[in-house]
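Asker: Have a look at the structure that comes next, please.
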Amino acid sequence: MDLFVYGTLMFSEIRDQLLGRTIESQKATAKGYKTVCIKYENDVSTYPVLIRNNNSETQGVFLKDLTQEDIRILNFYEGEEYELKEILVDLKSTRKKALVYLPKHLNTVTLGPDWDINFFRLHHFTNYVEKIIPETIEEFRQISRSL
């Protein structure tokens with residue numbers, strides 16, 4: 001399966017740590033979409049989300065040939081607020097179909113400003129790599145063992 005990512009999963013360090021391996025990837029663009037911050041009710045954190053916006057385009061990463069197990073852990077990481085949908089993305093010289101995580105319920109969130117990858121890198125990246133991703137992996141393993 002091919003996947004287009006546009007938020008925290010654009011960082012190979014986060015992807016590789018979650019999946020336990022390096023995935024073949026390349027830069028890609030989703031035309032007609034915009035990445036903004038959202039805040040869920042009763043949650044202090046904000047998250048990147050892709051929304052339709054005909055006058056915009058989102059830079060992201062195209063991940064090639066993911067396995068079912070890769071998708072399982074990425075689904076766990078993304079959480080129940082997102083669902084996989086198929087969109088078209090532009091690569092260097094071609095256009096391809098790819099799955100992408102889109103929000104399930106935009107009516108229960110507050111839309112914020114555009115998501116800023118550099119702000120994330122400066123203020124949150126280290127916490128993700130050192131704390132959030134290892135905790136996510138451990139929780140995923142515990143749940144997987146109990147099934």
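Letters A, B, ... mark the chains of the structure tokens in the order given; residue numbers begin at 1 per chain; ligand numbers begin at 1, in order shown.
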Could you give me, as a CSV table (one decimal) with C-alpha atoms, in the first residue's frame, the residues within 7 Å of region 85-89 of chain A, counting only C-alpha atoms and dropping anything in the same chain fewer than 6 positions from it?

Answerer:
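Ended up saving to part_3.csv:
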chain,number,residue,atom,x,y,z
A,28,ALA,CA,5.0,14.5,-2.9
A,29,THR,CA,2.3,17.2,-3.2
A,30,ALA,CA,-1.4,17.0,-2.6
A,95,ARG,CA,0.6,11.4,-10.4
A,96,LYS,CA,-0.3,8.4,-8.1
A,97,LYS,CA,-3.1,7.2,-5.9
A,98,ALA,CA,-2.2,7.1,-2.2
A,99,LEU,CA,-4.0,6.5,1.0
A,100,VAL,CA,-3.9,9.5,3.4
A,101,TYR,CA,-5.1,10.0,7.0
A,102,LEU,CA,-8.1,12.4,7.0

Asker: As JSON, numbers by chain, please: the residues near Leu19 (chain A) (cut-off 10 Å, only C-alpha atoms, same-chain neighbours under 2 positions excluded).

Answerer: {"A": [14, 15, 16, 17, 21, 22, 23, 66, 69, 70, 71, 72, 73, 74, 137]}

Asker: Which residues in region 55-137 of chain A does DSSP call strand (DSSP E)? List them as a PyMOL selection string.

Answerer: chain A and resi 55-63+82-90+95-103+109-114

Asker: Of the candidates A:Ile117, A:Leu84, A:Leu63, A:Val109, which one gets nearest to Thr35 (chain A) if we count only C-alpha atoms?

Answerer: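 That would be A:Ile117, the residue with the smallest distance to Thr35 (chain A).
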
Asker: So how many Å separate CA of Gln68 (chain A) and CA of Thr94 (chain A), to one decimal?

Answerer: 25.1 Å

Asker: Identify which of the residues A:Leu3, A:Val61, A:Val36, A:Leu9 lies closest to Leu106 (chain A), counting only C-alpha atoms when measuring atom-to-atom distances.

Answerer: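 Counting only C-alpha atoms, the residue closest to Leu106 (chain A) is A:Val36.
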
Asker: When you draw a straight line from CA of Trp115 (chain A) to CA of Tyr47 (chain A), how long is it in Å?

Answerer: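 One can read the CA of Trp115 (chain A) to CA of Tyr47 (chain A) distance as 8.1 Å.
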
Asker: Go through A:Asn54, A:Thr46, A:Ile133, A:Met1 and flag the residue nearest Gly20 (chain A), using only C-alpha atoms for the distances.

Answerer: A:Ile133

Asker: Measuring between only C-alpha atoms, which one of A:Glu81, A:Asp2, A:Glu130, A:Asp116 shows the shortest distance to Lys64 (chain A)?

Answerer: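 Among the listed residues, A:Asp2 lies closest to Lys64 (chain A).
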
Asker: Can you pull out the residues contacting Gly60 (chain A)? Cut-off 7 Å, using only C-alpha atoms, and skip same-chain residues under 5 positions away; I want them as number ranges by chain.

Answerer: A: 4-6, 10, 27-29

Asker: Please, which residues of region 64-123 of chain A, numbered as in this document, come out alpha helix (DSSP H) from DSSP, as number ranges by chain?

Answerer: A: 68-78, 117-123

Asker: Write out the residues from the selection above, keeping C-alpha atoms, as a PDB file, in the first residue's frame.

Answerer:
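Result written to again_2.pdb:
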ATOM      1  CA  GLN A  68      -0.597  -4.489   6.615  1.00  0.00           C
ATOM      2  CA  GLU A  69       1.456  -4.474   9.830  1.00  0.00           C
ATOM      3  CA  ASP A  70       2.848  -1.023   8.960  1.00  0.00           C
ATOM      4  CA  ILE A  71      -0.704   0.249   8.498  1.00  0.00           C
ATOM      5  CA  ARG A  72      -1.800  -1.338  11.790  1.00  0.00           C
ATOM      6  CA  ILE A  73       0.799   0.553  13.825  1.00  0.00           C
ATOM      7  CA  LEU A  74       0.243   3.782  11.878  1.00  0.00           C
ATOM      8  CA  ASN A  75      -3.507   3.490  12.471  1.00  0.00           C
ATOM      9  CA  PHE A  76      -2.787   3.071  16.183  1.00  0.00           C
ATOM     10  CA  TYR A  77      -0.438   6.066  16.156  1.00  0.00           C
ATOM     11  CA  GLU A  78      -2.907   8.288  14.300  1.00  0.00           C
ATOM     12  CA  ILE A 117       6.694  21.812  10.244  1.00  0.00           C
ATOM     13  CA  ASN A 118       9.557  24.041  11.413  1.00  0.00           C
ATOM     14  CA  PHE A 119       7.692  24.993  14.603  1.00  0.00           C
ATOM     15  CA  PHE A 120       7.080  21.291  15.254  1.00  0.00           C
ATOM     16  CA  ARG A 121      10.749  20.495  14.630  1.00  0.00           C
ATOM     17  CA  LEU A 122      11.926  23.196  17.047  1.00  0.00           C
ATOM     18  CA  HIS A 123       9.373  22.704  19.829  1.00  0.00           C
TER      19      HIS A 123
END

Asker: Measure the distance from CA of Asn107 (chain A) to CA of Asn55 (chain A) in Å and round it to one decimal.

Answerer: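 Straight-line distance from CA of Asn107 (chain A) to CA of Asn55 (chain A) works out to 21.6 Å.
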
Asker: For a quick check of understanding, using only C-alpha atoms, which of A:Phe125, A:Phe140, A:Phe62, A:Tyr82 has the smallest distance to Glu13 (chain A)?

Answerer: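 Between A:Phe125, A:Phe140, A:Phe62, A:Tyr82, the residue approaching Glu13 (chain A) most closely is A:Phe125.
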
Asker: Considering only C-alpha atoms, state which residue in the set A:Ser93, A:Lys39, A:Ile143, A:Glu80 is at the smallest distance from Gly112 (chain A).

Answerer: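 Nearest candidate to Gly112 (chain A) out of A:Ser93, A:Lys39, A:Ile143, A:Glu80: A:Lys39.
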